[in-house]
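Peer 1: I'd like to ask you about the structure that follows.
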Amino acid sequence: MDISIIGTGYVGLVTGTCLAEIGHRVVCVDNDEEKIAVLKSGGIPIYEPGLEDLVKRNTAKGRLSFTSRLEEGVERGTVVFICVGTPPLEDGEADLSAVERVTRKIAEAANSYKLIVEKSTVPVQTGMWIEKTIKIYNNRQNAEFDVASNPEFLREGTAVLDFLHPDRIVVGVTNDRAERLLRELYAPIIERSFVCPIHSPPSASGGCPSSEPVPFLVTDIQSAELIKHASNSFLAMKISFINAISDLCDKVGADVTKVAEGIGLDKRIGASHLNAGIGFGGFCFPKDLQAFVRIAEKSGCDFSLLREVERINNSRIDVVVNKLKAHLWILKEKTVGVLGLAFKPNTDDIRFAPSLEIIKRLQREGVNIKAYDPKAMEKAKRELEGVTFCNDPYAVAEGCEALIIATEWREFKTLDMARIKTLMRRPFILDGRNIYNREELVRLRQMGFEYVGMGR
């Protein structure tokens with residue numbers, strides 16, 4: 001099929017590249033000409049494991065191309081995905097100006113049937129506004145088009161895997177034609193009939209090792225739009241719940257990692273998103289949580305439950321600072337190292353990252369900050385002032401009186417801790433992600449480290 005992707009951010013670039021990988025002809029459109037030039041040259045503007053190789057391979061095969069001309073993209077695609085950003089406004093509501101602007105341009109450029117699919121995370125009833133906008137601005141009378149919702153469930157750091165091996169595919173449609181096109185589009189993934197670039201070796205049939213078809217849920221557009229916001233809000237709620245439990249564990253002398261393990265073994269609950277720490281970040285959970293609250297309020301529904309989820313998450317910064325004060329006494333003029341700047345491992349995304357808020361708060365307390373991240377340093381340098389950025393964790397540790405682990409990068413678990421101890425002025429670790437197990441904690445304490453975790 002001929003596919004157009006409008007927007008080449010984390011969602012758009014992964015979507016377009018993976019659709020090309022399973023055999024479709026895809027053109028990705030972005031008004032950022034510098035980004036398009038990078039993509040055409042074989043590079044990618046973001047870090048996502050496995051993505052760069054797929055971009056290069058599918059570009060070389062002629063299945064994936066890039067342009068800054070939206071008209072060209074619309075002309076070439078039968079199915080047009082809207083994957084532009086929906087950042088939060090000051091009141092938490094989603095800013096849909098980019099969605100509206102792109103929709104108008106699609107309407108003005110379309111000269112044949114188009115299935116327009118909202119892939120961006122948008123408030124419920126956005127599909128209705130997209131349809132109205134197309135009818136108003138399309139230059140042809142009685143133009144044929146359909147609108148659909150196809151929310152994404154990609155996790156940064158595993159986005160390629162998530163796209164090609166999803167838990168489910170959700171589509172919201174208004175007629176059989178749109179459903180039929182989307183079933184055809186996703187057929188290789190639903191049936192697992194493509195040669196998987198991730199799993200090696202593939203199954204004897206050439207597809208992925210799992211033989212179970214992927215659930216394909218068809219709903220109305222409004223329900224599909226709600227599923228995305230409801231899913232992210234529920235996961236955020238699990239994180240804030242276990243973080244509230246970690247505060248209680250600190251008070252009573254319990255270990256939140258064991259509490260979470262016991263809770264997670266209940267099949268009705270599950271173990272995912274029960275890792276206590278310094279809170280959730282990234283562009284999805286904080287933004288979608290705020291937007292969902294605003295959606296509910298505008299519809300006359302009380303979602304104070306989610307307000308509390310947000311409050312607990314924001315309070316993690318105070319928890320970290322108070323833990324430091326409890327062990328360092330005076331923070332002013334002390335040097336603290338921060339390991340990890342991205343909001344999670346295996347990404348360079350620093351949007352709403354708790355680490356950045358911790359750094360800014362400590363700087364206001366007069367703390368000198370040294371920092372390191374394997375992938376997010378360049379982006380962090382544009383957001384943070386007065387921070388000493390180091391080339392590796394050992395340079396961060398040198399002369400520090402505390403070391404905060406803010407992102408659970410794998411390399412932080414395999415550091416030469418004897419060397420770290422000799423470099424630090426005071427061997428104190430604040431493990432904001434609880435990356436060490438019980439045996440490792442015993443070893444660290446035997447080496448002479450002071451250690452504080454979250455709820456441990």
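Residue numbering restarts at 1 for every chain of the structure tokens, chains are lettered A, B, ... in their displayed order, and ligands are numbered from 1 as they appear.
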Could you pull out the strand (DSSP E or B) residues of region 167-264 of chain A from DSSP and send them as a PyMOL selection string?

Peer 2: chain A and resi 169-172+216-219

Peer 1: At a cut-off of 12 Å, can you tabulate as JSON lines every residue of region 256-302 of chain A near region 121-145 of chain A together with its closest atom pair and the distance in Å to one decimal, using only C-alpha atoms and ordering rows by chain then number?

Peer 2:
```
{"residue": "A:Phe283", "atom": "CA", "partner": "A:Thr121", "partner_atom": "CA", "distance": 10.7}
{"residue": "A:Cys284", "atom": "CA", "partner": "A:Thr121", "partner_atom": "CA", "distance": 8.6}
{"residue": "A:Phe285", "atom": "CA", "partner": "A:Thr121", "partner_atom": "CA", "distance": 11.0}
{"residue": "A:Lys287", "atom": "CA", "partner": "A:Thr121", "partner_atom": "CA", "distance": 9.7}
{"residue": "A:Asp288", "atom": "CA", "partner": "A:Thr121", "partner_atom": "CA", "distance": 7.8}
{"residue": "A:Leu289", "atom": "CA", "partner": "A:Pro123", "partner_atom": "CA", "distance": 11.1}
{"residue": "A:Gln290", "atom": "CA", "partner": "A:Pro123", "partner_atom": "CA", "distance": 10.9}
{"residue": "A:Ala291", "atom": "CA", "partner": "A:Pro123", "partner_atom": "CA", "distance": 7.2}
{"residue": "A:Phe292", "atom": "CA", "partner": "A:Pro123", "partner_atom": "CA", "distance": 7.3}
{"residue": "A:Val293", "atom": "CA", "partner": "A:Pro123", "partner_atom": "CA", "distance": 10.4}
{"residue": "A:Arg294", "atom": "CA", "partner": "A:Pro123", "partner_atom": "CA", "distance": 9.2}
{"residue": "A:Ile295", "atom": "CA", "partner": "A:Pro123", "partner_atom": "CA", "distance": 6.7}
{"residue": "A:Ala296", "atom": "CA", "partner": "A:Val124", "partner_atom": "CA", "distance": 9.9}
{"residue": "A:Lys298", "atom": "CA", "partner": "A:Pro123", "partner_atom": "CA", "distance": 11.0}
{"residue": "A:Ser299", "atom": "CA", "partner": "A:Val124", "partner_atom": "CA", "distance": 10.3}
```

Peer 1: Write the residues you've just listed into a file as a short mmCIF file (atom, residue, chain, number, x, y, z; two decimals), in the first residue's frame, and include N, CA and C atoms for each of them.

Peer 2:
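So result-v1.cif came out as:
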```cif
data_model
loop_
_atom_site.label_atom_id
_atom_site.label_comp_id
_atom_site.auth_asym_id
_atom_site.auth_seq_id
_atom_site.Cartn_x
_atom_site.Cartn_y
_atom_site.Cartn_z
N PHE A 283 7.37 12.30 27.33
CA PHE A 283 6.38 13.18 26.74
C PHE A 283 4.97 12.63 26.84
N CYS A 284 4.81 11.35 27.19
CA CYS A 284 3.48 10.74 27.15
C CYS A 284 2.74 10.82 28.48
N PHE A 285 3.28 10.20 29.51
CA PHE A 285 2.51 10.08 30.75
C PHE A 285 2.15 11.44 31.35
N LYS A 287 1.99 14.47 30.01
CA LYS A 287 1.12 15.22 29.10
C LYS A 287 -0.26 14.59 29.00
N ASP A 288 -0.30 13.26 28.81
CA ASP A 288 -1.58 12.59 28.62
C ASP A 288 -2.42 12.59 29.88
N LEU A 289 -1.75 12.52 31.03
CA LEU A 289 -2.48 12.57 32.30
C LEU A 289 -3.17 13.92 32.46
N GLN A 290 -2.43 15.00 32.21
CA GLN A 290 -3.03 16.33 32.30
C GLN A 290 -4.17 16.49 31.31
N ALA A 291 -3.95 16.04 30.09
CA ALA A 291 -4.98 16.19 29.05
C ALA A 291 -6.23 15.40 29.39
N PHE A 292 -6.05 14.20 29.95
CA PHE A 292 -7.20 13.37 30.29
C PHE A 292 -8.04 14.00 31.40
N VAL A 293 -7.36 14.62 32.37
CA VAL A 293 -8.08 15.33 33.43
C VAL A 293 -8.91 16.47 32.83
N ARG A 294 -8.31 17.20 31.90
CA ARG A 294 -9.02 18.32 31.28
C ARG A 294 -10.20 17.82 30.44
N ILE A 295 -10.00 16.70 29.75
CA ILE A 295 -11.10 16.11 28.97
C ILE A 295 -12.27 15.78 29.88
N ALA A 296 -11.96 15.15 31.02
CA ALA A 296 -13.01 14.76 31.96
C ALA A 296 -13.72 15.99 32.52
N LYS A 298 -14.03 18.99 31.23
CA LYS A 298 -14.85 19.64 30.21
C LYS A 298 -16.14 18.86 29.95
N SER A 299 -16.07 17.55 30.23
CA SER A 299 -17.26 16.71 30.03
C SER A 299 -18.11 16.60 31.29
#
```

Peer 1: List the neighbours of Val336 (chain A) out to 6 Å using only C-alpha atoms; skip same-chain residues closer than 6 positions along the sequence, and give me the result as a PyMOL selection string.

Peer 2: chain A and resi 369+400-403

Peer 1: Deliver the residues from the most recent selection as a file, using N, CA and C atoms, as an mmCIF file, in the first residue's frame.

Peer 2:
```
data_model
loop_
_atom_site.group_PDB
_atom_site.id
_atom_site.type_symbol
_atom_site.label_atom_id
_atom_site.label_comp_id
_atom_site.auth_asym_id
_atom_site.auth_seq_id
_atom_site.Cartn_x
_atom_site.Cartn_y
_atom_site.Cartn_z
ATOM 1 N N ILE A 369 26.545 20.735 40.312
ATOM 2 C CA ILE A 369 26.078 19.504 39.676
ATOM 3 C C ILE A 369 27.045 19.043 38.584
ATOM 4 N N CYS A 400 32.742 14.126 44.286
ATOM 5 C CA CYS A 400 31.337 14.276 44.681
ATOM 6 C C CYS A 400 31.114 13.804 46.118
ATOM 7 N N GLU A 401 30.113 14.420 46.744
ATOM 8 C CA GLU A 401 29.705 13.992 48.078
ATOM 9 C C GLU A 401 28.420 13.185 48.040
ATOM 10 N N ALA A 402 27.855 13.055 46.865
ATOM 11 C CA ALA A 402 26.691 12.182 46.674
ATOM 12 C C ALA A 402 26.580 11.876 45.185
ATOM 13 N N LEU A 403 26.094 10.668 44.894
ATOM 14 C CA LEU A 403 25.881 10.249 43.516
ATOM 15 C C LEU A 403 24.431 9.800 43.394
#
```

Peer 1: Of the candidates A:Met1, A:Ala187, A:Ile221, A:Leu362, which one gets nearest to Asn175 (chain A) if we count only C-alpha atoms?

Peer 2: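 Result for the nearest residue to Asn175 (chain A): A:Ile221.
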
Peer 1: Considering only C-alpha atoms, can you say which of A:Asp167, A:Arg456, A:Ile189, A:Asn232 comes closest to Leu248 (chain A)?

Peer 2: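 Result for the nearest residue to Leu248 (chain A): A:Arg456.
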
Peer 1: Quick one: distance from CA of Lys360 (chain A) to CA of Met377 (chain A) in Å, one decimal?

Peer 2: 15.7 Å

Peer 1: Which residues are near Met237 (chain A)? Cut-off 9 Å, only C-alpha atoms, ignore same chain within fewer than 4 positions. Put them as a PyMOL selection string.

Peer 2: chain A and resi 232-233+241-242+305-306+308-310

Peer 1: Go ahead and save the picked residues with N, CA and C atoms, as a compact mmCIF listing (two decimals), in the first residue's frame.

Peer 2:
```txt
# COMPACT_ATOMS: atom_id res chain seq x y z
N ASN A 232 -2.65 5.11 29.25
CA ASN A 232 -1.51 5.82 29.84
C ASN A 232 -1.81 6.31 31.25
N SER A 233 -3.04 6.76 31.48
CA SER A 233 -3.40 7.25 32.81
C SER A 233 -3.41 6.12 33.82
N PHE A 241 1.05 4.87 42.58
CA PHE A 241 0.64 4.01 43.70
C PHE A 241 1.86 3.38 44.37
N ILE A 242 2.74 2.80 43.58
CA ILE A 242 3.90 2.13 44.18
C ILE A 242 4.87 3.16 44.78
N LEU A 305 -9.08 11.63 41.12
CA LEU A 305 -8.17 10.48 41.27
C LEU A 305 -6.88 10.73 40.50
N LEU A 306 -6.99 11.20 39.26
CA LEU A 306 -5.80 11.43 38.43
C LEU A 306 -5.05 12.68 38.86
N GLU A 308 -4.53 13.37 41.93
CA GLU A 308 -3.69 12.86 43.00
C GLU A 308 -2.51 12.07 42.44
N VAL A 309 -2.73 11.34 41.35
CA VAL A 309 -1.64 10.64 40.67
C VAL A 309 -0.56 11.64 40.26
N GLU A 310 -0.98 12.75 39.70
CA GLU A 310 -0.04 13.80 39.28
C GLU A 310 0.67 14.42 40.48
```

Peer 1: From a DSSP pass on the backbone, collect the residues of region 41-164 of chain A flagged as helix (DSSP H, G or I) and hand them back as an MDAnalysis selection string.

Peer 2: chainID A and resid 51:60 70:76 97:109 126:137 159:164

Peer 1: So what do you get for CA of Val452 (chain A) versus CA of Asp348 (chain A), distance-wise?

Peer 2: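 Atom-to-atom, CA of Val452 (chain A) to CA of Asp348 (chain A), that is 26.4 Å.
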
Peer 1: So which residues touch region 106-116 of chain A within 7 Å, counting only C-alpha atoms, skipping near sequence neighbours fewer than 2 positions away, as a ChimeraX atom specification?

Peer 2: /A:71,74-75,78-81,102-104,118,134,137-139,144-148,178

Peer 1: Pull C-alpha atoms from the residues just selected and write them as a short mmCIF file (atom, residue, chain, number, x, y, z; two decimals), in the first residue's frame.

Peer 2:
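File written: part_29.cif
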```cif
data_model
loop_
_atom_site.label_atom_id
_atom_site.label_comp_id
_atom_site.auth_asym_id
_atom_site.auth_seq_id
_atom_site.Cartn_x
_atom_site.Cartn_y
_atom_site.Cartn_z
CA GLU A 71 1.52 18.19 -0.95
CA VAL A 74 -0.59 13.62 0.41
CA GLU A 75 -0.51 12.94 -3.32
CA THR A 78 -3.81 6.45 0.02
CA VAL A 79 -3.58 6.20 3.79
CA VAL A 80 -2.33 9.40 5.47
CA PHE A 81 -1.22 9.21 9.11
CA VAL A 102 -1.96 19.66 8.95
CA THR A 103 -5.58 18.59 8.48
CA ARG A 104 -6.32 21.77 6.54
CA GLU A 118 -5.03 10.24 13.58
CA ILE A 134 -11.62 18.29 5.78
CA TYR A 137 -11.29 23.03 3.30
CA ASN A 138 -11.28 20.36 0.61
CA ASN A 139 -11.28 22.05 -2.79
CA GLU A 144 -14.23 10.91 -0.93
CA PHE A 145 -12.37 10.45 2.34
CA ASP A 146 -12.61 8.58 5.61
CA VAL A 147 -11.27 9.47 9.05
CA ALA A 148 -9.99 6.89 11.52
CA ALA A 178 -11.79 2.24 6.52
#
```

Peer 1: Can you list, as a PyMOL selection string, every protein, DNA or RNA residue that comes within 10 Å of Glu333 (chain A) when you count only C-alpha atoms, leaving out same-chain residues fewer than 2 positions away?

Peer 2: chain A and resi 330-331+335-336+363+365-369

Peer 1: Could you tell me how far CA of His24 (chain A) sits from CA of Pro197 (chain A), in Å to one decimal place?

Peer 2: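 Between CA of Pro197 (chain A) and CA of His24 (chain A) the gap works out to 15.4 Å.
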
Peer 1: Which polymer residues have any atom within 8 Å of an atom of Asn346 (chain A), counting only C-alpha atoms, with same-chain residues fewer than 3 positions away left out, as a PyMOL selection string?

Peer 2: chain A and resi 47-49+156-158+375+409

Peer 1: With C-alpha atoms retained, could you export that selection as a tab-separated table (two decimals), in the first residue's frame?

Peer 2:
```
chain	number	residue	atom	x	y	z
A	47	TYR	CA	18.05	7.66	19.37
A	48	GLU	CA	15.90	4.54	19.27
A	49	PRO	CA	17.48	1.07	19.34
A	156	GLU	CA	10.60	4.79	23.83
A	157	GLY	CA	13.57	2.47	23.96
A	158	THR	CA	11.55	-0.48	22.62
A	375	LYS	CA	22.70	9.21	24.91
A	409	TRP	CA	20.91	2.58	32.26
```

Peer 1: Would you give me, as a tab-separated table, each residue of region 270-318 of chain A having an atom within 12 Å of an atom of region 251-266 of chain A, along with its shortest atom pair and that distance in Å to one decimal, using only C-alpha atoms and sorting by chain and residue number?

Peer 2:
```
residue	atom	partner	partner_atom	distance
A:Gly270	CA	A:Gly264	CA	4.4
A:Ala271	CA	A:Gly264	CA	3.9
A:Ser272	CA	A:Gly264	CA	7.4
A:His273	CA	A:Gly264	CA	9.4
A:Leu274	CA	A:Ala260	CA	5.9
A:Asn275	CA	A:Ala260	CA	7.3
A:Ala276	CA	A:Val256	CA	7.2
A:Gly277	CA	A:Val256	CA	10.0
```

Peer 1: Could you dump the residues just selected with N, CA and C atoms as a tab-separated table (two decimals), in the first residue's frame?

Peer 2:
```tsv
chain	number	residue	atom	x	y	z
A	270	GLY	N	-0.43	-7.70	38.07
A	270	GLY	CA	0.73	-7.78	37.19
A	270	GLY	C	1.89	-6.95	37.71
A	271	ALA	N	3.09	-7.31	37.27
A	271	ALA	CA	4.30	-6.70	37.80
A	271	ALA	C	4.73	-5.42	37.10
A	272	SER	N	4.23	-5.17	35.90
A	272	SER	CA	4.70	-4.01	35.15
A	272	SER	C	4.30	-2.71	35.82
A	273	HIS	N	5.17	-1.72	35.69
A	273	HIS	CA	4.95	-0.36	36.21
A	273	HIS	C	4.78	-0.34	37.73
A	274	LEU	N	5.45	-1.28	38.43
A	274	LEU	CA	5.46	-1.28	39.89
A	274	LEU	C	6.88	-1.08	40.40
A	275	ASN	N	7.67	-0.32	39.68
A	275	ASN	CA	9.04	-0.01	40.10
A	275	ASN	C	9.08	1.37	40.74
A	276	ALA	N	9.28	1.39	42.04
A	276	ALA	CA	9.31	2.68	42.74
A	276	ALA	C	10.56	3.46	42.34
A	277	GLY	N	10.45	4.78	42.36
A	277	GLY	CA	11.60	5.59	41.97
A	277	GLY	C	11.32	7.07	42.09
```

Peer 1: Out of A:His327, A:Arg433, A:Arg361, A:Lys381, which residue has the shortest atom-to-atom distance to Glu450 (chain A) when counting only C-alpha atoms?

Peer 2: A:His327

Peer 1: Check the smallest atom-to-atom distance from each of A:Asn322, A:Ser304, A:Ser97, A:Gln222 to Pro151 (chain A) using only C-alpha atoms, then report the winner.

Peer 2: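 Checking each candidate against Pro151 (chain A), we get A:Gln222 as the closest.
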